[in-house]
Each structure stands twice: as C-alpha cells, then as structure tokens.
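Enquirer: Following this message is one structure expressed as structure tokens.
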Amino acid sequence: MPKINFIYFILIPLILVFAAPRVQAAGASLMFSPSSESFVMGDKILVEVRVDTGLSPINAVEATIYFPVDNLEVLNISKNEAVFTLWPQDAVFDNLNGTISFAGGLPHPGFNDPENLITIEFKAKKEGVVNLTFDKAQILADDGQGTDILAYLQAAKYVIFQEIVFPQIFSPTHPQEND
C-alpha cells in the first residue's frame, strides 16, 4: 500500500510537471487587411497594415513592404487611424522600386491589442496576381529592452482583372424590348 501512495502523490505529479509541454507566447504578427481580394484595373485599393501583438505589450514596429510596380502604384499612405504617435521614420513609398517603409511607436506602456499601423492607397494598374510581402520587419516589446517578438509575417494576394464590358444591343426596329 505505501508504494501506491508514493506513486500517486509524489511520482505522478512530478512526471506531469516535468513532462508537460512548455507553452510559450505565440509572438506578434504583421498582416495586410484585406489579405486576399479581387479588383478591377483602375480601381483604388485601400490596404491596412495591421499588427497583432499576441497579447504581449509592444511599443514599436518597423517594416519594409514590397509590391509589384507593374501591377500597383501607391497613391497615398495614411496614418490617420494609426495607433502610433511617434514616427522615427515616416511612412514613405517608392513606386520605381516597389517599396514602402515605416517605423512607428509610442511611449510606455505601449499596447497589446490588434491595431492598424498605416493604410496604403494603391491604384490597380495591370491585370495579374499581385503579392504584397513584408521584409526587414521588427515588432518591439514594451519591456525596456526592445526585444523583437515578431513571430509571423502574413503576405497578401490580390487578383487584378480587366473589367468585362458587355456589348450594348440595340434594334432600330424594336427600340424598346416590350414593343
């Protein structure tokens, strides 16, 4: 009987504690919204760049975004809905090289909810499949040490197509279809 008590009260809890998988924070993510969509050539496209902190307080994000210059042209970048109040590097774009870059932040205590960082207004120039991707990105924790907690970068995929125009049918002998 004493061996059973030892197994139940000492050994099993120790095994569960040390053998249990360690759960770590998922980390923070950068994403585009919408992440997929279809557009007609000539359309203006609004794309939000969003951060999901993974419930960890953060206070700074830096990123470079790539876009295909044959298919898209940046018309404007807005920070009106941005969570950041400080911009060490203002949001800038280069339509020749297909890049957008920015660095923003805010003082302690930061924030830990999903938020909008910038909104990009594109013009759809040419039909095709379009990918927006992140590069050189960092999401810095509000831990006093600037720990990069970036775990995931979500690309976006858009389809741009030429508008289909149906021919107008007209009959000089029957101008109204009810006649």
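Chain labels A, B, ... are given in the sequence in which chains occur in the structure tokens; within each chain residues are numbered consecutively from 1, and ligands are likewise numbered from 1 in the order shown.
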Need the shell around Phe93 (chain A): protein/DNA/RNA residues with any atom at most 10 Å away, counting only C-alpha atoms. Skip same-chain ones fewer than 5 positions apart. Format as a PyMOL selection string?

Expert: chain A and resi 64-66+73-77+98-102+120

Enquirer: Write the residues of the preceding selection, restricted to C-alpha atoms, as an mmCIF file, in the first residue's frame.

Expert:
```cif
data_model
loop_
_atom_site.group_PDB
_atom_site.id
_atom_site.type_symbol
_atom_site.label_atom_id
_atom_site.label_comp_id
_atom_site.auth_asym_id
_atom_site.auth_seq_id
_atom_site.Cartn_x
_atom_site.Cartn_y
_atom_site.Cartn_z
ATOM 1 C CA THR A 64 9.545 47.291 -45.323
ATOM 2 C CA ILE A 65 6.816 46.168 -47.735
ATOM 3 C CA TYR A 66 7.337 45.015 -51.312
ATOM 4 C CA GLU A 73 1.051 52.146 -57.830
ATOM 5 C CA VAL A 74 0.984 53.757 -54.374
ATOM 6 C CA LEU A 75 -1.157 56.899 -54.394
ATOM 7 C CA ASN A 76 -1.096 57.729 -50.691
ATOM 8 C CA ILE A 77 -0.176 56.429 -47.239
ATOM 9 C CA GLY A 98 8.083 48.819 -55.275
ATOM 10 C CA THR A 99 8.822 49.517 -51.617
ATOM 11 C CA ILE A 100 7.073 51.063 -48.643
ATOM 12 C CA SER A 101 8.868 51.535 -45.347
ATOM 13 C CA PHE A 102 7.978 52.930 -41.947
ATOM 14 C CA ILE A 120 -1.990 52.317 -48.120
#
```

Enquirer: What's the 6 Å shell around Leu117 (chain A), counting only C-alpha atoms, without same-chain residues fewer than 3 positions away, as a PDB file with all heavy atoms, in the first residue's frame?

Expert:
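Now in selection_1.pdb:
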```pdb
ATOM      1  N   VAL A  49      -2.206  48.006 -42.985  1.00  0.00           N
ATOM      2  CA  VAL A  49      -1.121  47.231 -42.408  1.00  0.00           C
ATOM      3  C   VAL A  49      -1.424  47.158 -40.921  1.00  0.00           C
ATOM      4  O   VAL A  49      -1.516  48.182 -40.244  1.00  0.00           O
ATOM      5  CB  VAL A  49       0.251  47.885 -42.662  1.00  0.00           C
ATOM      6  CG1 VAL A  49       1.352  47.092 -41.988  1.00  0.00           C
ATOM      7  CG2 VAL A  49       0.500  48.009 -44.156  1.00  0.00           C
ATOM      8  N   ARG A  50      -1.610  45.925 -40.421  1.00  0.00           N
ATOM      9  CA  ARG A  50      -2.065  45.715 -39.051  1.00  0.00           C
ATOM     10  C   ARG A  50      -1.043  44.909 -38.258  1.00  0.00           C
ATOM     11  O   ARG A  50      -0.284  44.135 -38.828  1.00  0.00           O
ATOM     12  CB  ARG A  50      -3.408  45.013 -39.030  1.00  0.00           C
ATOM     13  CG  ARG A  50      -4.490  45.843 -39.745  1.00  0.00           C
ATOM     14  CD  ARG A  50      -5.881  45.279 -39.597  1.00  0.00           C
ATOM     15  NE  ARG A  50      -6.331  45.111 -38.242  1.00  0.00           N
ATOM     16  CZ  ARG A  50      -6.805  46.094 -37.455  1.00  0.00           C
ATOM     17  NH1 ARG A  50      -6.873  47.328 -37.917  1.00  0.00           N
ATOM     18  NH2 ARG A  50      -7.204  45.848 -36.238  1.00  0.00           N
ATOM     19  N   ALA A  82      -3.769  55.301 -37.279  1.00  0.00           N
ATOM     20  CA  ALA A  82      -2.646  54.579 -36.680  1.00  0.00           C
ATOM     21  C   ALA A  82      -2.654  54.685 -35.165  1.00  0.00           C
ATOM     22  O   ALA A  82      -3.020  55.713 -34.600  1.00  0.00           O
ATOM     23  CB  ALA A  82      -1.329  55.121 -37.227  1.00  0.00           C
TER      24      ALA A  82
END
```

Enquirer: Based on DSSP run over this structure's backbone, return all residues of region 13-166 of chain A in helix (DSSP H, G or I), as a PyMOL selection string.

Expert: chain A and resi 13-19

Enquirer: When you draw a straight line from CA of Ile160 (chain A) to CA of Ala103 (chain A), how long is it in Å?

Expert: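 Atom-to-atom, CA of Ile160 (chain A) to CA of Ala103 (chain A), that is 29.2 Å.
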
Enquirer: Near Val47 (chain A), within 12 Å and counting only C-alpha atoms, which residues show up once chain neighbours fewer than 5 positions away are dropped, as a ChimeraX atom specification?

Expert: /A:31-37,65,67,72,74-78,116-123,132,155-158

Enquirer: Take the residues from that selection and put them in a file with C-alpha atoms, as a short mmCIF file (atom, residue, chain, number, x, y, z; two decimals), in the first residue's frame.

Expert:
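Okay, again_38.cif is ready:
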```
data_model
loop_
_atom_site.label_atom_id
_atom_site.label_comp_id
_atom_site.auth_asym_id
_atom_site.auth_seq_id
_atom_site.Cartn_x
_atom_site.Cartn_y
_atom_site.Cartn_z
CA MET A 31 -0.54 41.39 -41.71
CA PHE A 32 -2.44 43.09 -44.50
CA SER A 33 -6.18 43.66 -44.47
CA PRO A 34 -7.71 42.52 -46.70
CA SER A 35 -5.32 39.60 -47.11
CA SER A 36 -6.95 38.49 -50.36
CA GLU A 37 -9.35 40.20 -52.74
CA ILE A 65 6.82 46.17 -47.73
CA PHE A 67 4.77 45.34 -54.10
CA LEU A 72 0.27 48.50 -58.43
CA VAL A 74 0.98 53.76 -54.37
CA LEU A 75 -1.16 56.90 -54.39
CA ASN A 76 -1.10 57.73 -50.69
CA ILE A 77 -0.18 56.43 -47.24
CA SER A 78 -2.37 57.48 -44.33
CA ASN A 116 -3.89 49.49 -37.57
CA LEU A 117 -0.44 50.93 -38.32
CA ILE A 118 -0.85 52.56 -41.73
CA THR A 119 -3.35 52.50 -44.59
CA ILE A 120 -1.99 52.32 -48.12
CA GLU A 121 -3.97 53.53 -51.12
CA PHE A 122 -2.94 51.70 -54.30
CA LYS A 123 -4.11 52.03 -57.87
CA LEU A 132 2.35 42.10 -51.04
CA ALA A 155 1.58 38.18 -47.10
CA ALA A 156 -1.42 39.31 -49.14
CA LYS A 157 -2.54 38.05 -52.53
CA TYR A 158 -4.79 40.07 -54.83
#
```

Enquirer: Could you pull the residues within 10 Å of Pro114 (chain A), counting only C-alpha atoms, minus those fewer than 4 positions along the same chain, as JSON, numbers by chain?

Expert: {"A": [28, 29, 30, 50, 51, 52, 53, 54, 55, 83]}

Enquirer: For a quick check of understanding, using only C-alpha atoms, which of A:Pro68, A:Ala60, A:Asn80, A:Pro167 has the smallest distance to Glu48 (chain A)?

Expert: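 Of A:Pro68, A:Ala60, A:Asn80, A:Pro167, the one nearest Glu48 (chain A) is A:Asn80, counting only C-alpha atoms.
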
Enquirer: Would you work out the distance separating CA of Phe166 (chain A) from CA of Lys126 (chain A), expressed in Å to one decimal?

Expert: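 That distance, rounded to one decimal, is 20.1 Å.
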
Enquirer: Would you please give, as number ranges by chain, all residues of region 45-163 of chain A that DSSP assigns to strand (DSSP E or B) based on the backbone?

Expert: A: 45-52, 58-66, 72-78, 86-94, 99-105, 111, 115-124, 128-141, 148, 150-153, 156-161

Enquirer: Rounded to one decimal place, report the CA of Phe39 (chain A)-CA of Lys136 (chain A) distance in Å.

Expert: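 A separation of 27.8 Å between them.
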
Enquirer: Let me make sure I understand: among A:Ile58, A:Met41, A:Ile164, A:Leu96, which one has the smallest atom-to-atom distance to Ile149 (chain A) if we use only C-alpha atoms?

Expert: A:Ile58

Enquirer: I'd like to know which of A:Asp143, A:Asp90, A:Glu127, A:Asp113 is closest to Phe161 (chain A), using only C-alpha atoms.

Expert: A:Glu127

Enquirer: Considering only C-alpha atoms, can you say which of A:Asn59, A:Asn97, A:Thr85, A:Ser38 comes closest to Gln138 (chain A)?

Expert: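 That would be A:Asn59, the residue with the smallest distance to Gln138 (chain A).
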
Enquirer: Let me make sure I understand: among A:Gln89, A:Gln154, A:Thr133, A:Gln145, which one has the smallest atom-to-atom distance to His108 (chain A) if we use only C-alpha atoms?

Expert: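 Distance minimum relative to His108 (chain A) lands on A:Gln145.
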
Enquirer: With distances taken over only C-alpha atoms, which of A:Asn71, A:Ala137, A:Pro57, A:Lys125 is nearest to Leu106 (chain A)?

Expert: A:Pro57
